[in-house]
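Asks: One file is attached below, target-v1.txt, containing compact mmCIF, C-alpha atoms and all ligand atoms.
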```txt
# COMPACT_ATOMS: atom_id res chain seq x y z
CA MET A 285 19.75 7.84 -1.40
CA THR A 286 20.79 7.76 2.23
CA ARG A 287 18.90 6.68 5.28
CA PRO A 288 16.68 9.59 6.42
CA GLU A 289 17.39 11.42 9.63
CA GLY A 290 14.52 12.97 11.58
CA ASN A 291 11.93 14.59 9.35
CA ASP A 292 13.50 14.03 5.96
CA PRO A 293 10.68 15.15 3.63
CA ASP A 294 11.38 12.34 1.17
CA PHE A 295 9.88 9.92 3.65
CA GLN A 296 7.13 12.01 5.21
CA GLY A 297 3.96 10.94 3.45
CA PRO A 298 2.16 13.17 0.96
CA HIS A 299 5.05 15.59 0.61
CA SER A 300 7.41 12.91 -0.59
CA ARG A 301 9.58 13.88 -3.49
CA GLY A 302 11.60 11.95 -5.98
CA LEU A 303 9.45 8.82 -5.95
CA HIS A 304 8.95 7.13 -9.28
CA PHE A 305 5.96 4.86 -9.69
CA TYR A 306 6.32 2.72 -12.80
CA GLY A 307 3.01 0.83 -12.59
CA ARG A 308 -0.32 1.67 -14.22
CA ARG A 309 -2.47 4.30 -12.56
CA LYS A 310 -5.30 4.04 -15.07
CA GLY A 311 -6.72 1.27 -17.20
CA ARG A 312 -9.86 1.12 -19.31
CA LYS A 313 -12.23 4.06 -19.14
CA LEU A 314 -14.45 3.57 -16.11
CA ARG A 315 -18.18 2.97 -16.41
CA THR A 316 -20.38 5.76 -15.08
CA THR A 317 -21.30 3.78 -11.96
CA MET A 318 -17.66 3.10 -11.12
CA GLN A 319 -16.71 6.74 -11.72
CA GLY A 320 -19.65 7.67 -9.48
CA LEU A 321 -18.22 5.50 -6.70
CA LEU A 322 -14.84 7.18 -7.06
CA ASP A 323 -16.37 10.63 -6.97
CA GLY A 324 -18.90 9.95 -4.23
CA ARG A 325 -17.38 7.37 -1.89
CA LEU A 326 -13.61 7.67 -2.19
CA PRO A 327 -13.34 11.11 -0.56
CA THR A 328 -15.13 9.80 2.53
CA LEU A 329 -13.06 6.60 2.73
CA ARG A 330 -9.65 7.99 1.82
CA TYR A 331 -6.90 7.30 4.34
CA ASP A 332 -5.62 10.52 5.89
CA PRO A 333 -1.83 10.42 6.37
CA ALA A 334 -2.02 13.38 8.74
CA ALA A 335 -4.26 11.58 11.25
CA ALA A 336 -3.54 8.56 13.44
CA PRO A 337 -4.87 5.40 11.72
CA VAL A 338 -7.04 4.36 14.67
CA VAL A 339 -9.10 7.56 14.71
CA GLN A 340 -10.04 7.06 11.09
CA PHE A 341 -12.35 4.15 11.92
CA SER A 342 -15.66 4.73 13.67
CA HIS A 343 -15.24 1.58 15.80
CA SER A 344 -11.69 2.30 17.16
CA PRO A 345 -10.25 -1.08 16.17
CA ASP A 346 -7.64 -2.79 18.32
CA ASP A 347 -6.00 -4.31 15.24
CA ILE A 348 -5.28 -2.46 12.03
CA PHE A 349 -3.87 -4.18 8.95
CA LEU A 350 -2.38 -2.75 5.79
CA GLU A 351 -2.70 -4.45 2.41
CA ILE A 352 -0.21 -3.12 -0.11
CA GLY A 353 -1.20 -3.27 -3.79
CA PHE A 354 -4.70 -4.70 -3.32
CA GLY A 355 -5.39 -5.01 -7.04
CA GLY A 356 -9.17 -5.29 -7.48
CA GLY A 357 -9.68 -5.50 -3.71
CA GLU A 358 -11.22 -8.99 -3.62
CA ASN A 359 -8.95 -10.21 -0.85
CA LEU A 360 -9.15 -6.97 1.11
CA ALA A 361 -12.95 -7.01 1.04
CA ALA A 362 -13.00 -10.67 2.09
CA VAL A 363 -10.67 -10.23 5.06
CA ALA A 364 -12.45 -7.05 6.13
CA ALA A 365 -15.78 -8.88 6.05
CA ALA A 366 -14.28 -11.71 8.11
CA ARG A 367 -12.86 -9.32 10.74
CA PRO A 368 -15.43 -6.55 11.27
CA ASP A 369 -13.75 -5.78 14.61
CA ALA A 370 -10.47 -4.89 12.89
CA GLY A 371 -9.58 -1.97 10.64
CA PHE A 372 -8.02 -2.32 7.20
CA ILE A 373 -6.05 0.18 5.15
CA GLY A 374 -5.60 -0.66 1.47
CA ALA A 375 -3.03 1.05 -0.73
CA GLU A 376 -3.35 0.86 -4.51
CA PRO A 377 -2.43 3.51 -7.10
CA PHE A 378 -4.32 1.76 -9.95
CA ILE A 379 -7.58 3.71 -10.02
CA ASN A 380 -9.60 0.97 -11.72
CA GLY A 381 -8.63 -1.33 -8.84
CA VAL A 382 -9.70 1.33 -6.34
CA ALA A 383 -13.10 1.60 -8.07
CA SER A 384 -13.42 -2.19 -7.94
CA LEU A 385 -12.72 -2.19 -4.19
CA LEU A 386 -15.35 0.54 -3.70
CA ARG A 387 -17.88 -1.69 -5.46
CA HIS A 388 -17.03 -4.56 -3.07
CA ILE A 389 -17.37 -2.17 -0.13
CA GLU A 390 -20.80 -1.07 -1.36
CA ASP A 391 -22.01 -4.58 -2.19
CA GLN A 392 -20.96 -5.97 1.19
CA ALA A 393 -21.74 -2.83 3.22
CA LEU A 394 -18.23 -2.80 4.70
CA SER A 395 -17.36 0.01 7.08
CA ASN A 396 -13.89 -1.02 8.24
CA ILE A 397 -11.73 -0.18 5.19
CA ARG A 398 -9.83 3.02 4.46
CA ILE A 399 -8.20 3.52 1.08
CA TRP A 400 -4.94 5.12 0.07
CA ASP A 401 -5.25 5.56 -3.69
CA ASP A 402 -1.57 6.15 -4.29
CA ASP A 403 1.91 4.77 -3.78
CA VAL A 404 2.20 3.07 -0.38
CA ARG A 405 5.63 4.64 0.13
CA LEU A 406 3.91 7.99 0.62
CA ILE A 407 2.28 6.79 3.85
CA LEU A 408 4.39 3.90 5.14
CA ALA A 409 7.24 5.79 6.70
CA GLY A 410 4.95 8.42 8.25
CA MET A 411 2.78 5.92 10.12
CA PRO A 412 3.16 5.94 13.89
CA GLU A 413 5.40 3.20 15.17
CA ALA A 414 3.62 -0.06 16.06
CA CYS A 415 0.26 1.22 14.81
CA LEU A 416 -0.24 -1.83 12.60
CA ALA A 417 -0.99 -5.37 13.67
CA GLY A 418 0.23 -6.49 10.28
CA ALA A 419 1.06 -5.46 6.75
CA TYR A 420 1.00 -7.76 3.79
CA VAL A 421 1.46 -7.89 0.04
CA LEU A 422 -0.27 -10.59 -2.01
CA PHE A 423 1.41 -11.72 -5.21
CA PRO A 424 3.82 -8.79 -5.20
CA ASP A 425 5.39 -7.86 -8.48
CA PRO A 426 9.06 -6.84 -8.40
CA GLU A 427 8.06 -3.21 -8.38
CA VAL A 428 6.03 -3.52 -5.19
CA ALA A 429 8.76 -5.63 -3.59
CA SER A 430 11.44 -3.11 -4.51
CA HIS A 431 9.36 -0.24 -3.09
CA VAL A 432 8.29 -1.97 0.10
CA GLY A 433 11.77 -3.32 0.74
CA GLU A 434 13.24 0.13 0.28
CA VAL A 435 10.86 1.72 2.76
CA MET A 436 11.61 -1.01 5.32
CA TRP A 437 15.32 -0.50 4.77
CA MET A 438 15.00 3.24 5.26
CA MET A 439 13.02 2.61 8.45
CA GLY A 440 15.83 0.45 9.78
CA ARG A 441 13.99 -2.84 9.34
CA GLU A 442 16.85 -4.33 7.42
CA GLU A 443 16.15 -8.03 7.90
CA GLN A 444 12.52 -7.61 6.82
CA ALA A 445 13.64 -5.64 3.79
CA LYS A 446 16.04 -8.41 2.82
CA GLU A 447 13.29 -11.00 3.19
CA VAL A 448 11.07 -9.02 0.81
CA TRP A 449 13.83 -8.69 -1.79
CA ARG A 450 14.91 -12.33 -1.47
CA GLY A 451 11.31 -13.49 -1.92
CA ALA A 452 10.92 -11.36 -5.03
CA LEU A 453 14.20 -12.64 -6.48
CA GLU A 454 13.09 -16.23 -5.92
CA ASN A 455 10.11 -15.56 -8.20
CA GLN A 456 11.99 -13.39 -10.67
CA PRO A 457 15.76 -13.86 -10.37
CA ASP A 458 16.43 -11.47 -13.28
CA SER A 459 14.40 -8.57 -11.91
CA GLU A 460 16.33 -5.41 -12.76
CA LEU A 461 14.22 -3.38 -10.32
CA ILE A 462 15.30 -5.48 -7.35
CA GLN A 463 18.89 -5.61 -8.53
CA GLU A 464 18.91 -1.83 -8.96
CA VAL A 465 17.62 -1.10 -5.45
CA VAL A 466 19.89 -3.67 -3.80
CA GLU A 467 22.94 -2.28 -5.60
CA ARG A 468 21.99 1.33 -4.94
CA LEU A 469 21.61 0.70 -1.22
CA GLN A 470 24.70 -1.53 -1.22
CA VAL A 471 22.86 -4.42 0.40
CA GLU A 472 24.34 -7.89 0.68
CA LEU A 473 21.54 -10.42 0.37
C1 LIG B 501 0.90 -8.18 -9.18
S1 LIG B 501 -0.35 -7.03 -8.71
C2 LIG B 501 -1.10 -7.95 -7.37
C3 LIG B 501 -2.49 -7.44 -7.08
C4 LIG B 501 -3.22 -8.15 -5.93
N1 LIG B 501 -2.45 -8.12 -4.69
C5 LIG B 501 -3.54 -9.58 -6.28
O1 LIG B 501 -3.05 -10.49 -5.60
O2 LIG B 501 -4.26 -9.80 -7.24
C6 LIG B 501 0.58 -5.80 -7.83
C7 LIG B 501 -0.26 -4.58 -7.44
O3 LIG B 501 0.54 -3.71 -6.66
C8 LIG B 501 0.26 -2.36 -7.03
N2 LIG B 501 1.42 -1.55 -6.67
C9 LIG B 501 2.59 -1.43 -7.36
N3 LIG B 501 3.43 -0.59 -6.75
C10 LIG B 501 2.76 -0.14 -5.65
C11 LIG B 501 3.10 0.80 -4.62
N4 LIG B 501 4.27 1.41 -4.62
N5 LIG B 501 2.17 1.03 -3.66
C12 LIG B 501 0.97 0.39 -3.66
N6 LIG B 501 0.60 -0.50 -4.62
C13 LIG B 501 1.49 -0.75 -5.59
C14 LIG B 501 0.00 -2.44 -8.52
O4 LIG B 501 -0.76 -1.31 -8.98
C15 LIG B 501 -0.75 -3.74 -8.64
O5 LIG B 501 -2.14 -3.59 -8.54
```
Would you mind writing the structure in this file as structure tokens?
Ligand SMILES: C[S@@+](CC[C@H](N)C(=O)[O-])C[C@H]1O[C@@H](n2cnc3c(N)ncnc32)[C@H](O)[C@@H]1O
Replies:
Amino acid sequence: MTRPEGNDPDFQGPHSRGLHFYGRRKGRKLRTTMQGLLDGRLPTLRYDPAAAPVVQFSHSPDDIFLEIGFGGGENLAAVAAARPDAGFIGAEPFINGVASLLRHIEDQALSNIRIWDDDVRLILAGMPEACLAGAYVLFPDPEVASHVGEVMWMMGREEQAKEVWRGALENQPDSELIQEVVERLQVEL
């Protein structure tokens, strides 16, 4: 894979091709209430890659943060509750985790979270430059680190990409996923 030039479709959000997501998208069968949240609330809270992030929040936040791989959404709900003035985008392809976040949103009546229920790589590269005050990954597994690092690398943020990969290798020095991406992109860590 080479660094994209201009509008390379592999890095343009929902039309991305050739991405392989190895994690789980589904877990245990969802209870009726959780499925109801997914059917009823997710469509209204889904992040729209075709629109500027700021216009997707009713309160036009000055600061927008992205949490990558939010798991069950406990942290995302907590930080969103603590910063009602800010906007939060959460990306998580694991649908049971998305349903869990929707329950937190309902329980805490949060209105400042938008959800991308898919691979973060599909939206990261298409986001307007400098639209985020911060992006973070909590307890990343090697898969997330390999993905996020690769997107940063493709966006020209080479030092940040290396930091992500180094951090992941500190936790799991034998990670084949990180080794594969680093070798493929011919990166010297
Ligand atoms: C180790 S879990 C950490 C979950 C959560 N951050 C926590 O601290 O409990 C990693 C999470 O990242 C998600 N994930 C993996 N690859 C991803 C990707 N490409 N985009 C977004 N999320 C991803 C997984 O589905 C999983 O829920």
Asks: Can you list every residue of chain A that has an atom at most 10 Å from ligand LIG 501 (chain B), with its nearest atom pair and the distance in Å to one decimal, using only C-alpha atoms and all ligand atoms, ordered by chain then number, as a Markdown table?
Replies:
```
| residue | atom | partner | partner_atom | distance |
| --- | --- | --- | --- | --- |
| A:Leu303 | CA | B:LIG501 | N4 | 9.1 |
| A:His304 | CA | B:LIG501 | N4 | 8.7 |
| A:Phe305 | CA | B:LIG501 | N4 | 6.4 |
| A:Tyr306 | CA | B:LIG501 | N3 | 7.5 |
| A:Gly307 | CA | B:LIG501 | O4 | 5.6 |
| A:Arg308 | CA | B:LIG501 | O4 | 6.0 |
| A:Arg309 | CA | B:LIG501 | O4 | 6.9 |
| A:Lys310 | CA | B:LIG501 | O4 | 9.3 |
| A:Glu351 | CA | B:LIG501 | N1 | 8.0 |
| A:Ile352 | CA | B:LIG501 | C12 | 5.1 |
| A:Gly353 | CA | B:LIG501 | O3 | 3.4 |
| A:Phe354 | CA | B:LIG501 | N1 | 4.3 |
| A:Gly355 | CA | B:LIG501 | C3 | 3.8 |
| A:Gly356 | CA | B:LIG501 | O2 | 6.7 |
| A:Gly357 | CA | B:LIG501 | C4 | 7.3 |
| A:Glu358 | CA | B:LIG501 | O2 | 7.9 |
| A:Asn359 | CA | B:LIG501 | O1 | 7.6 |
| A:Leu360 | CA | B:LIG501 | N1 | 8.9 |
| A:Gly374 | CA | B:LIG501 | C12 | 8.4 |
| A:Ala375 | CA | B:LIG501 | C12 | 5.0 |
| A:Glu376 | CA | B:LIG501 | N6 | 4.2 |
| A:Pro377 | CA | B:LIG501 | O4 | 5.4 |
| A:Phe378 | CA | B:LIG501 | O4 | 4.8 |
| A:Ile379 | CA | B:LIG501 | O4 | 8.5 |
| A:Asn380 | CA | B:LIG501 | O5 | 9.3 |
| A:Gly381 | CA | B:LIG501 | O5 | 6.9 |
| A:Val382 | CA | B:LIG501 | O5 | 9.3 |
| A:Trp400 | CA | B:LIG501 | C12 | 8.4 |
| A:Asp401 | CA | B:LIG501 | C12 | 8.1 |
| A:Asp402 | CA | B:LIG501 | C12 | 6.3 |
| A:Asp403 | CA | B:LIG501 | N5 | 3.8 |
| A:Val404 | CA | B:LIG501 | N5 | 3.9 |
| A:Arg405 | CA | B:LIG501 | N4 | 5.9 |
| A:Leu406 | CA | B:LIG501 | N5 | 8.4 |
| A:Ile407 | CA | B:LIG501 | N5 | 9.5 |
| A:Leu408 | CA | B:LIG501 | N5 | 9.5 |
| A:Tyr420 | CA | B:LIG501 | N1 | 9.2 |
| A:Val421 | CA | B:LIG501 | N1 | 6.1 |
| A:Leu422 | CA | B:LIG501 | N1 | 4.2 |
| A:Phe423 | CA | B:LIG501 | O1 | 4.6 |
| A:Pro424 | CA | B:LIG501 | C1 | 5.0 |
| A:Asp425 | CA | B:LIG501 | C1 | 4.6 |
| A:Pro426 | CA | B:LIG501 | C1 | 8.3 |
| A:Glu427 | CA | B:LIG501 | N3 | 5.6 |
| A:Val428 | CA | B:LIG501 | N3 | 4.2 |
| A:Ala429 | CA | B:LIG501 | N3 | 8.0 |
| A:Ser430 | CA | B:LIG501 | N4 | 8.5 |
| A:His431 | CA | B:LIG501 | N4 | 5.6 |
| A:Val432 | CA | B:LIG501 | N4 | 7.1 |
| A:Val435 | CA | B:LIG501 | N4 | 9.9 |
```
Asks: Store the residues of this selection in a file with C-alpha atoms, as a tab-separated table (two decimals), keeping the file's coordinate frame.
Replies:
```tsv
chain	number	residue	atom	x	y	z
A	303	LEU	CA	9.45	8.82	-5.95
A	304	HIS	CA	8.95	7.13	-9.28
A	305	PHE	CA	5.96	4.86	-9.69
A	306	TYR	CA	6.32	2.72	-12.80
A	307	GLY	CA	3.01	0.83	-12.59
A	308	ARG	CA	-0.32	1.67	-14.22
A	309	ARG	CA	-2.47	4.30	-12.56
A	310	LYS	CA	-5.30	4.04	-15.07
A	351	GLU	CA	-2.70	-4.45	2.41
A	352	ILE	CA	-0.21	-3.12	-0.11
A	353	GLY	CA	-1.20	-3.27	-3.79
A	354	PHE	CA	-4.70	-4.70	-3.32
A	355	GLY	CA	-5.39	-5.01	-7.04
A	356	GLY	CA	-9.17	-5.29	-7.48
A	357	GLY	CA	-9.68	-5.50	-3.71
A	358	GLU	CA	-11.22	-8.99	-3.62
A	359	ASN	CA	-8.95	-10.21	-0.85
A	360	LEU	CA	-9.15	-6.97	1.11
A	374	GLY	CA	-5.60	-0.66	1.47
A	375	ALA	CA	-3.03	1.05	-0.73
A	376	GLU	CA	-3.35	0.86	-4.51
A	377	PRO	CA	-2.43	3.51	-7.10
A	378	PHE	CA	-4.32	1.76	-9.95
A	379	ILE	CA	-7.58	3.71	-10.02
A	380	ASN	CA	-9.60	0.97	-11.72
A	381	GLY	CA	-8.63	-1.33	-8.84
A	382	VAL	CA	-9.70	1.33	-6.34
A	400	TRP	CA	-4.94	5.12	0.07
A	401	ASP	CA	-5.25	5.56	-3.69
A	402	ASP	CA	-1.57	6.15	-4.29
A	403	ASP	CA	1.91	4.77	-3.78
A	404	VAL	CA	2.20	3.07	-0.38
A	405	ARG	CA	5.63	4.64	0.13
A	406	LEU	CA	3.91	7.99	0.62
A	407	ILE	CA	2.28	6.79	3.85
A	408	LEU	CA	4.39	3.90	5.14
A	420	TYR	CA	1.00	-7.76	3.79
A	421	VAL	CA	1.46	-7.89	0.04
A	422	LEU	CA	-0.27	-10.59	-2.01
A	423	PHE	CA	1.41	-11.72	-5.21
A	424	PRO	CA	3.82	-8.79	-5.20
A	425	ASP	CA	5.39	-7.86	-8.48
A	426	PRO	CA	9.06	-6.84	-8.40
A	427	GLU	CA	8.06	-3.21	-8.38
A	428	VAL	CA	6.03	-3.52	-5.19
A	429	ALA	CA	8.76	-5.63	-3.59
A	430	SER	CA	11.44	-3.11	-4.51
A	431	HIS	CA	9.36	-0.24	-3.09
A	432	VAL	CA	8.29	-1.97	0.10
A	435	VAL	CA	10.86	1.72	2.76
```
Asks: Got a sec: who's within 7 Å of region 330-344 of chain A, counting all atoms listed in the file, leaving out chain neighbours fewer than 3 positions off, as a list in words?
Replies: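 The residues that qualify are Gly297, Leu326, Pro327, Gly371, Asn396, Arg398, Ile399, Trp400 and Ile407 of chain A.
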Asks: Determine the nearest neighbour of Pro368 (chain A) from the options A:Ala419, A:Asp346, A:Ala383, A:Val448, counting all atoms listed in the file.
Replies: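 Residue with the minimum atom-to-atom distance to Pro368 (chain A): A:Asp346.
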Asks: Env of Ile462 (chain A): 7 Å cut, atoms = only C-alpha atoms, seq-sep filter 2 positions within chain, self excluded. Answer as a list of chain:residue names.
Replies: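 Near Ile462 (chain A), the qualifying residues are A:Pro426, A:Ser430, A:Trp449, A:Ser459, A:Glu460, A:Glu464, A:Val465, A:Val466.
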Asks: Selection from above, C-alpha atoms, as an mmCIF file, keeping the file's coordinate frame, can you write it?
Replies:
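File written: selection.cif
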```
data_model
loop_
_atom_site.group_PDB
_atom_site.id
_atom_site.type_symbol
_atom_site.label_atom_id
_atom_site.label_comp_id
_atom_site.auth_asym_id
_atom_site.auth_seq_id
_atom_site.Cartn_x
_atom_site.Cartn_y
_atom_site.Cartn_z
ATOM 1 C CA PRO A 426 9.060 -6.840 -8.400
ATOM 2 C CA SER A 430 11.440 -3.110 -4.510
ATOM 3 C CA TRP A 449 13.830 -8.690 -1.790
ATOM 4 C CA SER A 459 14.400 -8.570 -11.910
ATOM 5 C CA GLU A 460 16.330 -5.410 -12.760
ATOM 6 C CA GLU A 464 18.910 -1.830 -8.960
ATOM 7 C CA VAL A 465 17.620 -1.100 -5.450
ATOM 8 C CA VAL A 466 19.890 -3.670 -3.800
#
```
Asks: With all atoms listed in the file as the basis for distance, which of A:Ala409, A:Cys415, A:Leu314, A:Leu321 is at the shortest distance from Ile389 (chain A)?
Replies: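 With all atoms listed in the file as the atom set, the closest residue is A:Leu321.
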Asks: Please measure the separation of CA of Leu322 (chain A) and CA of Phe349 (chain A), giving the value in Å to one decimal.
Replies: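 These two atoms are separated by 22.5 Å.
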Asks: Would you mind listing what lies within 10 Å of Leu394 (chain A) as an NGL selection string, with all atoms listed in the file counted and same-chain residues fewer than 2 positions away left out?
Replies: :A and (361-362 or 364-365 or 368 or 386 or 388-392 or 396-397)
Asks: Distance CA of Ile348 (chain A)-CA of Asp369 (chain A), one decimal place?
Replies: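 CA of Asp369 (chain A) lies at a distance of 9.5 Å from CA of Ile348 (chain A).
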Asks: One decimal, in Å: what's the spacing between CA of Glu472 (chain A) and CA of Glu443 (chain A)?
Replies: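 Distance reported for this atom pair: 10.9 Å.
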